[in-house]
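Content type TSV, C-alpha atoms, from the file structure_13.tsv:
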chain	number	residue	atom	x	y	z
A	10	MET	CA	0.00	0.00	0.00
A	11	LYS	CA	1.33	3.41	-1.06
A	12	LYS	CA	0.21	6.83	0.07
A	13	ILE	CA	-0.23	9.17	-2.91
A	14	THR	CA	-2.25	12.27	-3.76
A	15	ILE	CA	-4.90	11.99	-6.46
A	16	ASN	CA	-6.47	15.22	-7.73
A	17	GLY	CA	-5.65	16.97	-4.50
A	18	GLN	CA	-6.94	14.21	-2.19
A	19	ALA	CA	-4.80	11.91	-0.08
A	20	ALA	CA	-5.29	8.28	-1.12
A	21	ASP	CA	-3.94	4.80	-0.53
A	22	THR	CA	-3.40	2.55	-3.52
A	23	THR	CA	-2.10	-0.90	-4.30
A	24	SER	CA	-1.86	-0.10	-8.03
A	25	GLU	CA	1.62	-0.52	-9.45
A	26	THR	CA	1.16	1.71	-12.49
A	27	ILE	CA	-0.86	4.65	-13.81
A	28	ALA	CA	-2.90	2.33	-16.04
A	29	ALA	CA	-3.73	0.13	-13.05
A	30	LEU	CA	-4.71	3.17	-10.97
A	31	ILE	CA	-7.11	4.37	-13.70
A	32	ARG	CA	-8.73	0.92	-13.67
A	33	GLU	CA	-8.80	0.82	-9.86
A	34	LEU	CA	-10.63	4.16	-9.75
A	35	GLY	CA	-13.17	3.06	-12.39
A	36	ILE	CA	-12.37	5.95	-14.72
A	37	ALA	CA	-13.58	5.66	-18.31
A	38	PRO	CA	-10.22	5.85	-20.10
A	39	ALA	CA	-11.33	7.84	-23.18
A	40	GLY	CA	-9.91	11.35	-23.14
A	41	VAL	CA	-7.98	10.90	-19.91
A	42	ALA	CA	-4.60	12.57	-19.40
A	43	VAL	CA	-2.31	12.14	-16.43
A	44	ALA	CA	0.43	14.23	-14.87
A	45	VAL	CA	2.61	12.98	-12.03
A	46	ASN	CA	4.52	15.51	-9.95
A	47	GLU	CA	3.61	18.20	-12.52
A	48	GLU	CA	4.99	16.22	-15.47
A	49	ILE	CA	2.72	14.85	-18.15
A	50	VAL	CA	2.93	11.08	-18.50
A	51	PRO	CA	2.41	10.18	-22.18
A	52	ARG	CA	-0.51	7.83	-22.84
A	53	THR	CA	1.83	5.17	-24.15
A	54	GLU	CA	3.66	5.21	-20.81
A	55	HIS	CA	0.61	4.73	-18.56
A	56	GLY	CA	1.28	1.01	-18.36
A	57	ASN	CA	4.95	1.46	-17.56
A	58	ARG	CA	5.03	4.40	-15.17
A	59	ILE	CA	5.45	2.96	-11.67
A	60	LEU	CA	3.70	4.82	-8.85
A	61	ASN	CA	5.91	5.75	-5.93
A	62	GLU	CA	5.10	6.70	-2.35
A	63	GLY	CA	4.26	10.41	-2.19
A	64	ASP	CA	3.51	10.88	-5.90
A	65	VAL	CA	1.15	13.72	-6.69
A	66	VAL	CA	-1.12	12.47	-9.44
A	67	GLU	CA	-3.46	14.63	-11.54
A	68	ILE	CA	-5.99	12.79	-13.66
A	69	ILE	CA	-7.97	15.01	-15.99
A	70	LYS	CA	-10.58	14.56	-18.66
A	71	PRO	CA	-12.93	16.64	-20.81
A	72	ILE	CA	-16.18	17.99	-19.43
A	73	GLY	CA	-18.70	20.49	-20.78
A	74	GLY	CA	-17.24	23.95	-21.29
A	75	GLY	CA	-17.45	26.95	-23.55
B	22	MET	CA	-22.83	30.63	-48.36
B	23	ASN	CA	-19.13	29.99	-48.87
B	24	LYS	CA	-17.32	27.78	-46.41
B	25	LEU	CA	-15.56	28.75	-43.24
B	26	ILE	CA	-11.90	27.78	-43.44
B	27	ILE	CA	-9.79	27.58	-40.30
B	28	ALA	CA	-6.20	26.35	-40.53
B	29	GLY	CA	-6.94	24.88	-43.96
B	30	LYS	CA	-9.95	22.89	-42.74
B	31	GLU	CA	-13.38	23.57	-44.26
B	32	PHE	CA	-16.59	23.88	-42.24
B	33	GLY	CA	-20.14	24.21	-43.52
B	34	SER	CA	-21.37	25.89	-40.32
B	35	ARG	CA	-20.30	29.24	-38.97
B	36	LEU	CA	-21.68	28.55	-35.51
B	37	LEU	CA	-19.31	27.08	-32.93
B	38	LEU	CA	-20.98	25.61	-29.89
B	39	GLY	CA	-19.80	25.44	-26.30
B	40	THR	CA	-20.85	22.43	-24.24
B	41	GLY	CA	-20.92	23.96	-20.75
B	42	LYS	CA	-23.99	24.47	-18.54
B	43	PHE	CA	-26.30	21.97	-20.28
B	44	SER	CA	-28.65	20.20	-17.89
B	45	SER	CA	-27.55	16.78	-19.19
B	46	HIS	CA	-25.34	15.21	-21.84
B	47	GLU	CA	-28.51	14.17	-23.70
B	48	VAL	CA	-29.78	17.76	-23.86
B	49	MET	CA	-26.34	18.84	-25.05
B	50	ARG	CA	-26.26	16.18	-27.76
B	51	ASP	CA	-29.66	17.29	-29.11
B	52	ALA	CA	-28.62	20.94	-29.10
B	53	ILE	CA	-25.38	20.16	-30.95
B	54	LYS	CA	-27.40	18.35	-33.59
B	55	SER	CA	-29.93	21.11	-34.15
B	56	SER	CA	-27.27	23.85	-34.08
B	57	GLY	CA	-25.66	22.41	-37.22
B	58	SER	CA	-22.30	23.19	-35.59
B	59	GLU	CA	-19.24	21.28	-36.67
B	60	ILE	CA	-16.91	22.57	-33.96
B	61	VAL	CA	-17.70	22.05	-30.27
B	62	THR	CA	-15.65	23.21	-27.32
B	63	VAL	CA	-14.93	21.23	-24.17
B	64	ALA	CA	-13.10	22.07	-20.95
B	65	LEU	CA	-10.54	19.97	-19.11
B	66	ARG	CA	-10.89	19.31	-15.42
B	67	ARG	CA	-9.79	16.91	-12.73
B	68	VAL	CA	-11.76	13.68	-12.93
B	69	ASP	CA	-14.50	13.67	-10.31
B	70	LEU	CA	-13.51	10.61	-8.29
B	71	ALA	CA	-17.08	10.36	-7.00
B	72	ALA	CA	-18.38	9.97	-10.59
B	73	PRO	CA	-15.42	8.49	-12.48
B	74	GLU	CA	-17.51	6.97	-15.27
B	75	ASN	CA	-18.91	10.35	-16.40
B	76	ASP	CA	-17.90	10.61	-20.05
B	77	ILE	CA	-18.94	13.54	-22.25
B	78	LEU	CA	-17.04	12.12	-25.22
B	79	SER	CA	-19.54	9.30	-25.62
B	80	PHE	CA	-22.12	11.99	-26.48
B	81	ILE	CA	-20.02	13.74	-29.15
B	82	ASP	CA	-19.49	11.90	-32.44
B	83	ARG	CA	-15.96	12.90	-33.30
B	84	SER	CA	-16.38	11.79	-36.92
B	85	LYS	CA	-18.90	14.65	-37.29
B	86	TYR	CA	-17.66	17.27	-34.85
B	87	LEU	CA	-14.23	18.74	-34.36
B	88	LEU	CA	-13.33	19.00	-30.68
B	89	LEU	CA	-11.97	22.32	-29.53
B	90	PRO	CA	-10.64	21.89	-25.99
B	91	ASN	CA	-10.27	25.15	-24.12
B	92	THR	CA	-7.75	26.19	-21.50
B	93	SER	CA	-10.37	27.64	-19.16
B	94	GLY	CA	-9.26	27.79	-15.56
B	95	SER	CA	-5.79	28.95	-16.63
B	96	ARG	CA	-4.69	32.16	-14.94
B	97	ASN	CA	-1.41	32.61	-16.80
B	98	ALA	CA	0.53	31.45	-19.84
B	99	LYS	CA	2.26	28.60	-17.99
B	100	GLU	CA	-1.02	27.06	-16.87
B	101	ALA	CA	-2.59	27.47	-20.31
B	102	VAL	CA	0.33	25.78	-22.03
B	103	MET	CA	0.18	22.90	-19.54
B	104	GLN	CA	-3.55	22.47	-20.18
B	105	ALA	CA	-3.11	22.47	-23.94
B	106	ARG	CA	-0.40	19.83	-23.67
B	107	LEU	CA	-2.61	17.74	-21.38
B	108	SER	CA	-5.49	17.95	-23.82
B	109	ARG	CA	-3.32	16.79	-26.68
B	110	GLU	CA	-2.02	13.97	-24.50
B	111	ALA	CA	-5.62	13.06	-23.69
B	112	GLY	CA	-6.15	12.40	-27.39
B	113	LEU	CA	-8.33	15.46	-27.96
B	114	GLY	CA	-6.31	16.64	-30.95
B	115	ASN	CA	-4.11	19.67	-31.46
B	116	TRP	CA	-6.72	22.41	-31.74
B	117	VAL	CA	-7.02	24.61	-28.68
B	118	LYS	CA	-9.19	27.52	-27.65
B	119	LEU	CA	-6.63	29.53	-25.74
B	120	GLU	CA	-8.24	31.21	-22.77
B	121	VAL	CA	-6.24	32.90	-20.02
B	122	VAL	CA	-8.46	34.52	-17.43
B	123	PRO	CA	-6.90	35.96	-14.28
B	124	GLU	CA	-9.97	37.31	-12.48
B	125	PRO	CA	-13.42	35.90	-11.69
B	126	ASN	CA	-15.78	38.89	-11.84
B	127	TYR	CA	-15.74	39.85	-15.50
B	128	LEU	CA	-13.74	36.86	-16.77
B	129	LEU	CA	-11.77	39.15	-19.05
B	130	PRO	CA	-8.80	37.56	-20.80
B	131	ASP	CA	-5.21	38.59	-20.04
B	132	PRO	CA	-3.72	39.92	-23.29
B	133	VAL	CA	-0.05	39.65	-22.28
B	134	GLU	CA	-0.25	36.07	-21.01
B	135	THR	CA	-2.46	35.05	-23.96
B	136	LEU	CA	0.07	36.32	-26.49
B	137	GLU	CA	2.92	34.61	-24.66
B	138	ALA	CA	1.06	31.29	-24.51
B	139	ALA	CA	0.03	31.59	-28.17
B	140	LYS	CA	3.64	31.94	-29.28
B	141	ILE	CA	4.66	28.82	-27.36
B	142	LEU	CA	1.71	26.72	-28.53
B	143	VAL	CA	2.07	27.71	-32.19
B	144	LYS	CA	5.72	26.60	-32.01
B	145	GLU	CA	4.60	23.28	-30.55
B	146	GLY	CA	2.30	22.66	-33.50
B	147	PHE	CA	-1.06	23.55	-31.95
B	148	VAL	CA	-3.84	25.16	-33.96
B	149	VAL	CA	-4.47	28.11	-31.65
B	150	LEU	CA	-7.79	29.97	-31.43
B	151	PRO	CA	-7.26	32.70	-28.83
B	152	TYR	CA	-10.08	34.25	-26.82
B	153	ILE	CA	-9.35	37.96	-26.49
B	154	ASN	CA	-10.82	41.28	-25.60
B	155	ALA	CA	-11.82	43.20	-28.72
B	156	ASP	CA	-8.40	44.81	-29.16
B	157	PRO	CA	-7.36	45.31	-32.80
B	158	ILE	CA	-3.64	45.64	-31.99
B	159	LEU	CA	-3.60	42.46	-29.94
B	160	ALA	CA	-5.54	40.66	-32.69
B	161	LYS	CA	-2.87	41.66	-35.20
B	162	LYS	CA	-0.05	40.54	-32.90
B	163	LEU	CA	-1.71	37.15	-32.41
B	164	GLU	CA	-2.18	36.76	-36.15
B	165	ASP	CA	1.50	37.57	-36.64
B	166	ALA	CA	2.36	34.96	-34.01
B	167	GLY	CA	0.58	32.37	-36.16
B	168	THR	CA	-2.80	31.84	-34.49
B	169	ALA	CA	-5.47	30.25	-36.67
B	170	THR	CA	-8.18	32.76	-35.73
B	171	VAL	CA	-8.83	35.56	-33.32
B	172	MET	CA	-11.86	35.33	-31.05
B	173	PRO	CA	-12.83	38.72	-29.65
B	174	LEU	CA	-15.57	38.91	-27.05
B	175	GLY	CA	-18.88	40.65	-27.71
B	176	SER	CA	-19.43	41.19	-23.99
B	177	PRO	CA	-18.35	39.29	-20.85
B	178	ILE	CA	-18.72	35.49	-20.85
B	179	GLY	CA	-22.21	34.35	-19.97
B	180	SER	CA	-23.56	37.91	-19.73
B	181	ASN	CA	-25.96	37.61	-22.72
B	182	ARG	CA	-25.48	41.32	-23.35
B	183	GLY	CA	-24.66	41.05	-27.04
B	184	LEU	CA	-22.22	42.91	-29.25
B	185	LYS	CA	-21.09	45.69	-26.91
B	186	THR	CA	-17.66	45.83	-28.55
B	187	ARG	CA	-19.09	46.40	-32.01
B	188	ASP	CA	-16.83	49.27	-33.10
B	189	SER	CA	-13.61	47.51	-32.10
B	190	ILE	CA	-14.75	44.25	-33.68
B	191	ARG	CA	-15.43	46.11	-36.92
B	192	ILE	CA	-11.79	47.27	-36.93
B	193	ILE	CA	-10.54	43.75	-36.15
B	194	ILE	CA	-12.58	42.37	-39.06
B	195	GLU	CA	-11.27	45.07	-41.38
B	196	GLN	CA	-7.64	44.33	-40.53
B	197	SER	CA	-7.60	40.59	-40.00
B	198	ASN	CA	-6.21	38.01	-42.39
B	199	VAL	CA	-7.39	35.12	-40.21
B	200	PRO	CA	-11.01	34.26	-39.43
B	201	VAL	CA	-12.64	36.44	-36.77
B	202	VAL	CA	-14.89	34.47	-34.43
B	203	VAL	CA	-17.03	36.57	-32.10
B	204	ASP	CA	-16.96	34.67	-28.82
B	205	ALA	CA	-18.74	35.32	-25.55
B	206	GLY	CA	-21.72	37.41	-24.54
B	207	LEU	CA	-24.00	36.72	-27.49
B	208	GLY	CA	-27.35	36.20	-25.79
B	209	ALA	CA	-29.83	36.04	-28.65
B	210	PRO	CA	-29.89	34.98	-32.30
B	211	SER	CA	-30.18	38.66	-33.25
B	212	HIS	CA	-26.78	39.26	-31.61
B	213	ALA	CA	-25.29	36.48	-33.71
B	214	ALA	CA	-26.91	37.89	-36.84
B	215	GLU	CA	-25.56	41.36	-36.03
B	216	SER	CA	-22.03	39.94	-35.67
B	217	MET	CA	-22.27	38.15	-38.99
B	218	GLU	CA	-23.76	41.19	-40.78
B	219	LEU	CA	-20.73	43.12	-39.59
B	220	GLY	CA	-18.52	40.58	-41.38
B	221	ALA	CA	-17.45	38.21	-38.62
B	222	ASP	CA	-16.47	34.82	-40.04
B	223	ALA	CA	-18.20	32.87	-37.27
B	224	VAL	CA	-19.56	33.09	-33.74
B	225	LEU	CA	-19.16	30.91	-30.68
B	226	VAL	CA	-22.19	30.50	-28.42
B	227	ASN	CA	-22.70	28.54	-25.23
B	228	THR	CA	-24.68	30.07	-22.35
B	229	ALA	CA	-27.52	31.47	-24.47
B	230	ILE	CA	-28.23	28.02	-25.90
B	231	ALA	CA	-27.40	25.82	-22.91
B	232	THR	CA	-29.51	27.79	-20.45
B	233	ALA	CA	-32.51	28.45	-22.72
B	234	ALA	CA	-35.78	26.83	-21.70
B	235	ASP	CA	-35.52	24.70	-24.86
B	236	PRO	CA	-31.84	24.42	-25.81
B	237	ALA	CA	-32.39	22.46	-29.04
B	238	GLN	CA	-34.89	25.04	-30.27
B	239	MET	CA	-32.56	27.90	-29.32
B	240	ALA	CA	-29.66	26.15	-31.08
B	241	ALA	CA	-31.76	26.02	-34.26
B	242	ALA	CA	-32.63	29.70	-33.83
B	243	PHE	CA	-28.95	30.65	-33.50
B	244	ARG	CA	-28.19	28.57	-36.57
B	245	GLN	CA	-30.72	30.61	-38.53
B	246	GLY	CA	-29.48	33.89	-37.04
B	247	VAL	CA	-25.93	33.09	-38.13
B	248	GLU	CA	-27.07	32.10	-41.61
B	249	ALA	CA	-29.25	35.20	-41.99
B	250	GLY	CA	-26.42	37.48	-40.90
B	251	ARG	CA	-23.95	35.80	-43.22
B	252	ARG	CA	-26.30	36.07	-46.18
B	253	ALA	CA	-26.91	39.74	-45.41
B	254	PHE	CA	-23.16	40.38	-45.25
B	255	LEU	CA	-22.62	38.70	-48.60
B	256	ALA	CA	-25.59	40.52	-50.11
B	257	GLY	CA	-24.31	43.86	-48.83
B	258	CYS	CA	-26.49	45.81	-46.43
B	259	ALA	CA	-27.93	49.04	-47.84
B	260	PRO	CA	-26.31	52.16	-46.36
B	261	LYS	CA	-27.80	54.06	-43.41
B	262	LYS	CA	-29.15	57.57	-44.08
B	263	GLU	CA	-30.05	60.51	-41.87
B	264	LYS	CA	-33.31	61.36	-43.62
B	265	ALA	CA	-36.13	59.44	-45.21
B	266	GLU	CA	-35.90	58.35	-48.81
B	267	ALA	CA	-39.20	57.30	-50.38
B	268	SER	CA	-39.47	53.78	-51.63
B	269	SER	CA	-42.29	54.69	-54.03
B	270	PRO	CA	-41.64	56.99	-57.05
B	271	LEU	CA	-41.99	60.70	-56.36
B	272	THR	CA	-43.58	61.42	-59.76
B	273	GLY	CA	-46.98	60.71	-61.32
B	274	PHE	CA	-48.97	61.44	-58.16
B	275	ILE	CA	-52.75	61.11	-58.43
B	276	ARG	CA	-54.06	64.51	-57.35

Show how you would write the structure in this file as structure tokens.
Amino acid sequence: MKKITINGQAADTTSETIAALIRELGIAPAGVAVAVNEEIVPRTEHGNRILNEGDVVEIIKPIGGG
Amino acid sequence: MNKLIIAGKEFGSRLLLGTGKFSSHEVMRDAIKSSGSEIVTVALRRVDLAAPENDILSFIDRSKYLLLPNTSGSRNAKEAVMQARLSREAGLGNWVKLEVVPEPNYLLPDPVETLEAAKILVKEGFVVLPYINADPILAKKLEDAGTATVMPLGSPIGSNRGLKTRDSIRIIIEQSNVPVVVDAGLGAPSHAAESMELGADAVLVNTAIATAADPAQMAAAFRQGVEAGRRAFLAGCAPKKEKAEASSPLTGFIR
């Protein structure tokens, strides 16, 4: 179990990678982008990027807007 | 009704639609359809972890509509550039409505930060459509920096007050070599028609449609307003005069 921050909230996760975390959180993957510690993680790297204790993860996606 | 061309891409509709403030994704989908729009904006936000399955993209057919992600929420160039990069990484394409808004009361865009962000994003290969105040000099500088359009506001976002910046927008239209899209503040189809009569290439509407009692009906009304204004512009509006000028002949009166 690792302590990380997801979208500003403290969280515990057992997920090894970004891709696993997205699945764990039940997020529909279309249109999702992820930054870890203020650096964008390319989509192709979601399966490889290992989550570390203390990582600050931002997961964003499109919503309605003008 | 010749086509709108932005960054070499042709569009049959001159109405761009924002997707904010709709009461549901279904209502939004119906309004998009009846608007005839081919370009729809979206915003990027943190995923709501309480509703992670919420997915606007499943209500927008991307084979029919070009997505225009905005950088709303950005307060400076750095944040706007980060958002644009995130949206490209999210698979939303390389078009971006650049929006840098430092204060919450009037939501007026920051010209200095917008120009700085535009320069960076153009270099990175984005198709940049900047939201600006109706400033002809800034519009020219953005065009020179390589933006695909300029998008001057008619009045503050969501205010529904119409084309309050008319005189400045007329100058922007006169001087611009890129499409001029009047964005923000258009509250009624007549405002859209007025913008198009003036020679704007397109308009972007969100609040007036999304918050109407019947959004799909209002979307259709805006579509007609835009088309009417465009036709009038192409036809050439008759000049204004100080005094009356009879429409009927002034000879051969029956006395």

Exercise. Got a sec to pull out which chain B residues are within 8 Å of chain A, counting all atoms listed in the file, and send them as a ChimeraX atom specification?
Worked result: /B:38-43,62-68,70,73-78,90-91,107-108,110-113,226-228

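Of note, CA of Val122 (chain B) and CA of Val143 (chain B) are spaced 19.4 Å apart.
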
For this session: Rank nothing, just name the residue among B:Asp235, B:Asp222, B:Ser180, B:Phe243 nearest to Ala209 (chain B), using only C-alpha atoms.
Result: B:Phe243

Identify the residues around (-22.5, 21.6, -31.6) within a radius of 9 Å, measuring from only C-alpha atoms in the coordinates stated by the file, and give them as an mmCIF file with C-alpha atoms, in the coordinates of the input.
data_model
loop_
_atom_site.group_PDB
_atom_site.id
_atom_site.type_symbol
_atom_site.label_atom_id
_atom_site.label_comp_id
_atom_site.auth_asym_id
_atom_site.auth_seq_id
_atom_site.Cartn_x
_atom_site.Cartn_y
_atom_site.Cartn_z
ATOM 1 C CA LEU B 36 -21.680 28.550 -35.510
ATOM 2 C CA LEU B 37 -19.310 27.080 -32.930
ATOM 3 C CA LEU B 38 -20.980 25.610 -29.890
ATOM 4 C CA GLY B 39 -19.800 25.440 -26.300
ATOM 5 C CA THR B 40 -20.850 22.430 -24.240
ATOM 6 C CA MET B 49 -26.340 18.840 -25.050
ATOM 7 C CA ARG B 50 -26.260 16.180 -27.760
ATOM 8 C CA ASP B 51 -29.660 17.290 -29.110
ATOM 9 C CA ALA B 52 -28.620 20.940 -29.100
ATOM 10 C CA ILE B 53 -25.380 20.160 -30.950
ATOM 11 C CA LYS B 54 -27.400 18.350 -33.590
ATOM 12 C CA SER B 55 -29.930 21.110 -34.150
ATOM 13 C CA SER B 56 -27.270 23.850 -34.080
ATOM 14 C CA GLY B 57 -25.660 22.410 -37.220
ATOM 15 C CA SER B 58 -22.300 23.190 -35.590
ATOM 16 C CA GLU B 59 -19.240 21.280 -36.670
ATOM 17 C CA ILE B 60 -16.910 22.570 -33.960
ATOM 18 C CA VAL B 61 -17.700 22.050 -30.270
ATOM 19 C CA THR B 62 -15.650 23.210 -27.320
ATOM 20 C CA ILE B 81 -20.020 13.740 -29.150
ATOM 21 C CA TYR B 86 -17.660 17.270 -34.850
ATOM 22 C CA ALA B 240 -29.660 26.150 -31.080
#

Exercise. Within 9 Å of Ala205 (chain B), counting all atoms listed in the file, which residues qualify if same-chain residues fewer than 6 places away don't, as an MDAnalysis selection string?
Worked result: (chainID A and resid 75) or (chainID B and resid 152 172:181 183 224:228)

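For Glu33 (chain A), the residues within 9 Å (counting all atoms listed in the file, excluding itself and residues fewer than 3 positions away along the chain) are A:Thr22, A:Thr23, A:Ser24, A:Ala28, A:Ala29, A:Leu30, A:Ile36.
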
For this session: To one decimal in Å, tell me the separation between CA of Lys24 (chain B) and CA of Lys185 (chain B).
Result: 26.7 Å

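With distances restricted to all atoms listed in the file, B:Ala223 is the closest residue to Phe32 (chain B) from B:Ala223, B:Ile141, B:Val102, B:Val149.
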
Exercise. What is the CA of Ala28 (chain B)-CA of Glu164 (chain B) distance in Å, reported with one decimal?
Worked result: 12.0 Å

For this session: Using all atoms listed in the file, determine which residues lie at most 8 Å from Thr14 (chain A), disregarding the query and same-chain residues fewer than 2 positions distant; provide the list as a PyMOL selection string.
Result: chain A and resi 12+16-20+63-66

Return as JSON the box centre and box size in Å, one decimal, for an axis-aligned box around all listed atoms of region 27-44 of chain A padded by 4 Å per side.
{"center_x": -6.6, "center_y": 7.2, "center_z": -16.5, "size_x": 22.0, "size_y": 22.1, "size_z": 21.4}

Exercise. Do you know which residues are at most 12 Å from Glu137 (chain B) counting all atoms listed in the file, after dropping those on the same chain fewer than 6 positions away, and could you put them as a VMD selection string?
Worked result: chain B and resid 97 to 102 119 to 121 131 143 to 144 151 159 162 to 163 166 to 168

Selected region 84-116 of chain B, written as a PDB file, in the first residue's frame, C-alpha atoms:
ATOM      1  CA  SER B  84     -16.378  11.791 -36.920  1.00  0.00           C
ATOM      2  CA  LYS B  85     -18.903  14.648 -37.292  1.00  0.00           C
ATOM      3  CA  TYR B  86     -17.656  17.266 -34.849  1.00  0.00           C
ATOM      4  CA  LEU B  87     -14.231  18.739 -34.364  1.00  0.00           C
ATOM      5  CA  LEU B  88     -13.328  19.002 -30.684  1.00  0.00           C
ATOM      6  CA  LEU B  89     -11.975  22.325 -29.531  1.00  0.00           C
ATOM      7  CA  PRO B  90     -10.643  21.893 -25.989  1.00  0.00           C
ATOM      8  CA  ASN B  91     -10.273  25.149 -24.116  1.00  0.00           C
ATOM      9  CA  THR B  92      -7.754  26.194 -21.498  1.00  0.00           C
ATOM     10  CA  SER B  93     -10.367  27.642 -19.161  1.00  0.00           C
ATOM     11  CA  GLY B  94      -9.256  27.792 -15.562  1.00  0.00           C
ATOM     12  CA  SER B  95      -5.791  28.948 -16.626  1.00  0.00           C
ATOM     13  CA  ARG B  96      -4.691  32.163 -14.944  1.00  0.00           C
ATOM     14  CA  ASN B  97      -1.410  32.614 -16.795  1.00  0.00           C
ATOM     15  CA  ALA B  98       0.526  31.447 -19.844  1.00  0.00           C
ATOM     16  CA  LYS B  99       2.256  28.604 -17.994  1.00  0.00           C
ATOM     17  CA  GLU B 100      -1.021  27.058 -16.866  1.00  0.00           C
ATOM     18  CA  ALA B 101      -2.592  27.470 -20.307  1.00  0.00           C
ATOM     19  CA  VAL B 102       0.331  25.775 -22.034  1.00  0.00           C
ATOM     20  CA  MET B 103       0.178  22.897 -19.537  1.00  0.00           C
ATOM     21  CA  GLN B 104      -3.553  22.473 -20.185  1.00  0.00           C
ATOM     22  CA  ALA B 105      -3.112  22.473 -23.939  1.00  0.00           C
ATOM     23  CA  ARG B 106      -0.397  19.835 -23.666  1.00  0.00           C
ATOM     24  CA  LEU B 107      -2.606  17.736 -21.384  1.00  0.00           C
ATOM     25  CA  SER B 108      -5.491  17.951 -23.820  1.00  0.00           C
ATOM     26  CA  ARG B 109      -3.316  16.786 -26.683  1.00  0.00           C
ATOM     27  CA  GLU B 110      -2.020  13.967 -24.505  1.00  0.00           C
ATOM     28  CA  ALA B 111      -5.622  13.065 -23.693  1.00  0.00           C
ATOM     29  CA  GLY B 112      -6.149  12.404 -27.387  1.00  0.00           C
ATOM     30  CA  LEU B 113      -8.328  15.463 -27.956  1.00  0.00           C
ATOM     31  CA  GLY B 114      -6.308  16.640 -30.952  1.00  0.00           C
ATOM     32  CA  ASN B 115      -4.106  19.672 -31.465  1.00  0.00           C
ATOM     33  CA  TRP B 116      -6.719  22.409 -31.738  1.00  0.00           C
TER      34      TRP B 116
END
